[in-house]
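Q: Coordinates in target.cif, mmCIF, C-alpha atoms, are listed below.
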data_entry
loop_
_atom_site.label_atom_id
_atom_site.label_comp_id
_atom_site.auth_asym_id
_atom_site.auth_seq_id
_atom_site.Cartn_x
_atom_site.Cartn_y
_atom_site.Cartn_z
CA MET A 34 0.00 0.00 0.00
CA THR A 35 1.40 3.38 -1.00
CA THR A 36 1.66 5.96 1.78
CA ALA A 37 0.13 9.35 0.98
CA VAL A 38 2.51 12.30 0.87
CA ALA A 39 1.74 15.23 3.17
CA VAL A 40 4.52 17.58 2.04
CA ARG A 41 6.39 17.42 -1.26
CA PHE A 42 9.36 19.55 -2.35
CA ALA A 43 10.29 19.18 -6.02
CA ALA A 44 13.64 20.67 -7.12
CA VAL A 45 13.20 23.58 -4.70
CA SER A 46 15.78 26.34 -4.48
CA LYS A 47 15.79 29.53 -2.45
CA VAL A 48 18.04 32.51 -3.06
CA TYR A 49 17.85 35.65 -0.91
CA ALA A 50 18.48 38.75 -2.99
CA GLY A 51 21.03 41.37 -1.98
CA PRO A 52 24.33 42.92 -3.01
CA VAL A 53 25.70 39.41 -2.53
CA PRO A 54 22.86 36.91 -3.12
CA VAL A 55 22.64 34.13 -0.54
CA ARG A 56 21.66 30.66 -1.72
CA ALA A 57 19.86 28.95 1.16
CA LEU A 58 18.53 25.87 -0.66
CA THR A 59 19.62 24.18 -3.89
CA ASP A 60 17.48 21.71 -5.83
CA VAL A 61 15.85 20.08 -2.81
CA THR A 62 13.57 17.17 -3.65
CA LEU A 63 11.88 15.59 -0.65
CA GLU A 64 8.64 13.82 0.28
CA VAL A 65 7.27 13.71 3.82
CA PRO A 66 4.73 10.90 4.31
CA GLU A 67 1.37 11.71 5.82
CA GLY A 68 1.16 10.86 9.51
CA SER A 69 4.92 10.76 9.94
CA PHE A 70 7.25 12.46 12.42
CA THR A 71 10.16 13.77 10.36
CA VAL A 72 13.23 15.54 11.70
CA ILE A 73 15.31 17.88 9.53
CA GLU A 74 18.79 18.15 10.96
CA GLY A 75 22.03 19.83 10.01
CA PRO A 76 24.45 22.54 11.11
CA SER A 77 23.56 26.22 11.42
CA GLY A 78 23.17 27.80 8.02
CA SER A 79 22.31 24.54 6.28
CA GLY A 80 18.85 25.75 5.18
CA LYS A 81 16.71 23.93 7.75
CA SER A 82 14.62 26.92 8.85
CA THR A 83 14.26 28.11 5.26
CA LEU A 84 12.81 24.72 4.30
CA LEU A 85 10.31 24.96 7.15
CA ALA A 86 9.33 28.53 6.23
CA LEU A 87 8.62 27.46 2.66
CA ALA A 88 6.45 24.54 3.81
CA GLY A 89 4.54 26.89 6.09
CA GLY A 90 3.89 29.47 3.40
CA LEU A 91 5.91 32.06 5.31
CA ASP A 92 8.28 32.47 2.38
CA ARG A 93 8.31 31.64 -1.31
CA ALA A 94 10.71 29.45 -3.26
CA SER A 95 12.91 30.95 -5.93
CA ALA A 96 12.50 27.82 -8.07
CA GLY A 97 10.80 24.45 -7.89
CA SER A 98 7.43 23.39 -6.53
CA ILE A 99 5.99 22.85 -3.04
CA GLU A 100 2.82 20.88 -2.35
CA VAL A 101 1.21 20.44 1.07
CA LEU A 102 -1.83 18.23 1.65
CA GLY A 103 -2.45 18.21 -2.08
CA MET A 104 -2.32 22.02 -2.36
CA CYS A 105 0.29 23.62 -4.56
CA LEU A 106 1.72 26.69 -2.81
CA ASP A 107 3.44 28.06 -5.89
CA GLY A 108 2.02 31.42 -6.92
CA LEU A 109 -0.77 31.48 -4.32
CA ALA A 110 -2.03 34.97 -3.58
CA GLU A 111 -1.18 36.24 -0.10
CA ARG A 112 -4.84 36.02 0.95
CA ARG A 113 -4.92 32.31 0.11
CA LEU A 114 -1.58 31.75 1.83
CA ARG A 115 -2.99 33.31 5.02
CA ALA A 116 -5.98 30.96 4.83
CA TYR A 117 -3.62 28.03 4.26
CA ARG A 118 -1.56 28.91 7.36
CA ARG A 119 -4.69 29.41 9.45
CA ASP A 120 -6.50 26.24 8.43
CA HIS A 121 -3.84 23.64 7.73
CA VAL A 122 -0.55 24.40 9.48
CA GLY A 123 0.46 24.76 13.13
CA PHE A 124 3.75 26.42 14.08
CA VAL A 125 6.01 25.83 17.10
CA PHE A 126 8.94 28.22 17.53
CA GLN A 127 12.07 28.03 19.67
CA ASP A 128 11.21 31.32 21.41
CA PHE A 129 7.59 30.21 22.07
CA LYS A 130 5.97 33.45 20.78
CA LEU A 131 3.37 33.49 23.55
CA LEU A 132 1.59 36.67 24.61
CA ASP A 133 2.66 37.55 28.17
CA VAL A 134 -0.55 39.49 28.85
CA LEU A 135 -2.67 36.37 28.33
CA SER A 136 -2.92 33.20 30.40
CA ALA A 137 -1.77 29.90 28.92
CA VAL A 138 -5.33 28.86 28.16
CA ASP A 139 -6.10 32.16 26.44
CA ASN A 140 -2.94 31.94 24.35
CA VAL A 141 -4.20 28.59 23.07
CA ALA A 142 -7.79 29.80 22.76
CA LEU A 143 -6.69 32.52 20.33
CA ALA A 144 -5.81 29.84 17.78
CA VAL A 145 -8.91 27.79 18.51
CA ALA A 146 -11.24 30.79 18.21
CA LEU A 147 -9.96 31.58 14.70
CA HIS A 148 -12.17 28.74 13.54
CA GLY A 149 -15.36 30.35 14.77
CA LEU A 150 -15.85 28.70 18.15
CA PRO A 151 -17.49 30.75 20.89
CA THR A 152 -15.12 31.95 23.61
CA ARG A 153 -16.41 29.52 26.25
CA GLU A 154 -16.05 26.52 23.95
CA ALA A 155 -12.65 27.67 22.71
CA ARG A 156 -11.35 27.98 26.28
CA ALA A 157 -12.75 24.58 27.23
CA ARG A 158 -11.04 22.91 24.26
CA SER A 159 -7.83 24.76 25.03
CA ARG A 160 -7.88 23.67 28.65
CA GLY A 161 -8.26 20.07 27.48
CA LEU A 162 -5.24 20.41 25.20
CA LEU A 163 -3.14 21.81 28.03
CA GLU A 164 -4.17 18.94 30.28
CA GLU A 165 -3.31 16.44 27.52
CA LEU A 166 0.18 17.96 27.43
CA GLY A 167 0.63 17.64 31.19
CA LEU A 168 -0.17 21.22 32.18
CA ASN A 169 -2.93 20.42 34.65
CA GLY A 170 -3.41 23.34 37.00
CA ARG A 171 -1.26 25.71 34.89
CA SER A 172 -3.86 26.92 32.41
CA GLU A 173 -4.44 30.26 34.17
CA ALA A 174 -0.72 31.00 34.61
CA HIS A 175 0.81 33.66 32.39
CA PRO A 176 3.97 32.94 30.35
CA PRO A 177 6.32 34.77 32.77
CA GLU A 178 5.10 32.35 35.45
CA LEU A 179 5.81 29.25 33.34
CA SER A 180 9.04 27.30 33.00
CA GLY A 181 10.64 26.92 29.57
CA GLY A 182 9.19 23.45 29.16
CA GLU A 183 5.73 24.64 30.18
CA LYS A 184 5.92 27.49 27.70
CA GLN A 185 6.85 25.15 24.87
CA ARG A 186 4.08 22.70 25.73
CA THR A 187 1.67 25.64 25.73
CA ALA A 188 2.98 26.57 22.29
CA ILE A 189 2.42 22.99 21.12
CA ALA A 190 -1.15 23.10 22.47
CA ARG A 191 -1.68 26.33 20.52
CA ALA A 192 -0.40 24.69 17.32
CA LEU A 193 -2.71 21.72 17.84
CA GLY A 194 -5.64 23.96 18.77
CA SER A 195 -6.11 25.07 15.19
CA GLY A 196 -6.82 21.49 14.15
CA ALA A 197 -3.82 21.65 11.83
CA ARG A 198 -2.88 18.45 10.00
CA VAL A 199 0.73 19.56 9.58
CA ILE A 200 2.81 20.79 12.53
CA LEU A 201 6.05 22.64 11.78
CA ALA A 202 8.47 23.03 14.69
CA ASP A 203 11.61 25.16 14.40
CA GLU A 204 14.27 24.22 16.98
CA PRO A 205 11.61 23.55 19.67
CA THR A 206 14.19 22.42 22.25
CA ALA A 207 16.86 25.06 21.59
CA ASN A 208 16.06 27.04 24.75
CA LEU A 209 15.53 23.99 26.98
CA ASP A 210 17.88 21.77 28.95
CA SER A 211 18.31 18.20 27.70
CA HIS A 212 15.86 16.62 30.16
CA THR A 213 13.13 19.19 29.54
CA GLY A 214 13.75 19.02 25.80
CA ALA A 215 13.26 15.27 25.81
CA MET A 216 9.98 15.65 27.70
CA VAL A 217 8.74 18.29 25.26
CA MET A 218 9.62 16.14 22.24
CA ALA A 219 7.87 13.12 23.77
CA ALA A 220 4.76 15.24 24.36
CA LEU A 221 4.84 16.50 20.77
CA ARG A 222 5.30 13.01 19.31
CA ASN A 223 2.48 11.57 21.40
CA ALA A 224 0.10 14.37 20.44
CA ILE A 225 0.93 14.02 16.75
CA CYS A 226 0.52 10.24 16.85
CA ALA A 227 -2.83 10.50 18.62
CA ARG A 228 -4.18 12.74 15.84
CA GLY A 229 -2.63 11.06 12.83
CA ALA A 230 -1.10 14.42 11.93
CA THR A 231 2.24 15.07 10.24
CA ALA A 232 5.15 16.78 11.98
CA ILE A 233 8.32 18.29 10.53
CA VAL A 234 10.79 19.26 13.23
CA VAL A 235 13.94 21.26 12.49
CA SER A 236 16.84 20.80 14.88
CA HIS A 237 20.63 20.80 15.07
CA ASP A 238 20.37 18.59 18.18
CA LEU A 239 20.94 14.96 17.20
CA ARG A 240 19.00 13.77 20.28
CA VAL A 241 15.79 15.18 18.80
CA ALA A 242 15.93 12.51 16.09
CA ALA A 243 15.37 9.73 18.65
CA GLY A 244 12.00 8.15 17.87
CA ALA A 245 11.57 9.93 14.53
CA ASP A 246 10.08 8.07 11.57
CA HIS A 247 12.44 9.81 9.16
CA VAL A 248 15.56 11.93 9.50
CA VAL A 249 16.66 14.22 6.68
CA ARG A 250 20.11 15.80 6.83
CA LEU A 251 20.84 19.11 5.13
CA THR A 252 24.28 20.49 4.42
CA ASP A 253 24.85 23.76 2.57
CA GLY A 254 21.26 23.82 1.40
CA ARG A 255 21.25 20.32 -0.07
CA VAL A 256 19.78 17.02 1.12
CA VAL A 257 22.75 14.75 1.81
CA ASP A 258 21.07 11.93 3.71
CA TRP A 259 17.61 10.43 4.30
CA THR A 260 17.06 7.80 6.96
CA GLU A 261 13.78 5.93 7.44
CA GLU A 262 12.34 4.19 10.49
CA VAL A 263 14.93 5.38 12.97
CA HIS A 264 13.12 3.77 15.87
CA ALA A 265 12.26 0.11 16.18
#
Would you write the structure of this file as structure tokens?
A:
Amino acid sequence: MTTAVAVRFAAVSKVYAGPVPVRALTDVTLEVPEGSFTVIEGPSGSGKSTLLALAGGLDRASAGSIEVLGMCLDGLAERRLRAYRRDHVGFVFQDFKLLDVLSAVDNVALAVALHGLPTREARARSRGLLEELGLNGRSEAHPPELSGGEKQRTAIARALGSGARVILADEPTANLDSHTGAMVMAALRNAICARGATAIVVSHDLRVAAGADHVVRLTDGRVVDWTEEVHA
């Protein structure tokens, strides 16, 4: 049985214009299976975050084609890209990007409410997501009152709250110690698996690849290795 492809890069290149143009990606061809947990690894400057930004519709390729969940992102108007990001993709960032003035549950509820749910229902769903991620009793705490691991799990809950089928995480453990980072990655993997969603996680930390379905290595903007079924 052929596995469906969630994200497909076909001969994708990205060049940033300037007095000295910077080539971030060169002829990247890559398929991410639906329902998989894929880690993109490589040294700083290898193009990992650029690849994630292209998949998320936050940037546009200079050449090649990108398809996500059967939708071709090439040439989409900005209005349609915004709808794509809102309806289909959840983002997790290394610096969390939570609003300090809002509680954890209200940070998550912002994403949930974008889909038209009343405030009460959005908060109830958000509270359930936080509990699923082990944040029982922390839903009313504000980000300055949360530990780094709690902030990142709140950010994961926010990404899941949109109902996104593709979760894109950029260095989600970069600001966490090794023990906390491992806990956060386990929580993310479990949540993705429970929903049958697809995750692409960018990291320079080799430990993040533990338990991944696929590991893709980038060097100087090119795919140099692809490993399947890392875990038994």
Q: So that each row is one residue of range 232-255 of chain A with an atom at most 9 Å from range 192-208 of chain A, can you give its shortest atom pair and the distance in Å to one decimal, using all atoms listed in the file, rows by chain and rising number, as JSON lines?
A:
{"residue": "A:Ala232", "atom": "CA", "partner": "A:Ile200", "partner_atom": "CA", "distance": 4.7}
{"residue": "A:Ile233", "atom": "CA", "partner": "A:Leu201", "partner_atom": "CA", "distance": 5.1}
{"residue": "A:Val234", "atom": "CA", "partner": "A:Ala202", "partner_atom": "CA", "distance": 4.7}
{"residue": "A:Val235", "atom": "CA", "partner": "A:Asp203", "partner_atom": "CA", "distance": 4.9}
{"residue": "A:Ser236", "atom": "CA", "partner": "A:Glu204", "partner_atom": "CA", "distance": 4.8}
{"residue": "A:His237", "atom": "CA", "partner": "A:Glu204", "partner_atom": "CA", "distance": 7.5}
{"residue": "A:Asp238", "atom": "CA", "partner": "A:Ala207", "partner_atom": "CA", "distance": 8.1}
{"residue": "A:Val241", "atom": "CA", "partner": "A:Thr206", "partner_atom": "CA", "distance": 8.2}
Q: I'd like to know which of A:Ala110, A:Leu84, A:Val45, A:Val53 is closest to Val249 in chain A, using all atoms listed in the file.
A: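 Selected residue with least distance to Val249 in chain A: A:Leu84.
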Q: Give me the residues within 12 Å of Leu209 in chain A as a list in words, counting all atoms listed in the file and dropping any in the same chain fewer than 4 places off.
A: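 Listed by chain and then number, they are Gln127, Asp128, Phe129, Ser180, Gly181, Gly182, Glu183, Lys184, Gln185, Arg186, Glu204, Pro205, Thr213, Gly214, Ala215, Met216, Val217, Met218 and Asp238 of chain A.
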Q: Once the PyMOL selection byres ((chain A and resi 75) around 12) is applied to the coordinates I shared, what remains selected? I want it as a PyMOL selection string.
A: chain A and resi 72-74+76-82+84+204+234-239+241-242+248-259
Q: Quote the spacing between CA of Glu178 in chain A and CA of Val141 in chain A in Å to one decimal place.
A: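 Interatomic distance here is 15.9 Å.
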Q: Report the residues retrieved by the PyMOL selection byres ((chain A and resi 138) around 9) from the displayed file, expressed as an MDAnalysis selection string.
A: chainID A and resid 135:137 139:143 156:157 159:160 162:163 171:175 187 191
Q: Return the single residue from A:Leu85, A:Ile225, A:Val122, A:Ala190 that is closest to Glu165 in chain A, with distances computed using all atoms listed in the file.
A: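 The shortest atom-to-atom distance to Glu165 in chain A comes from A:Ala190.
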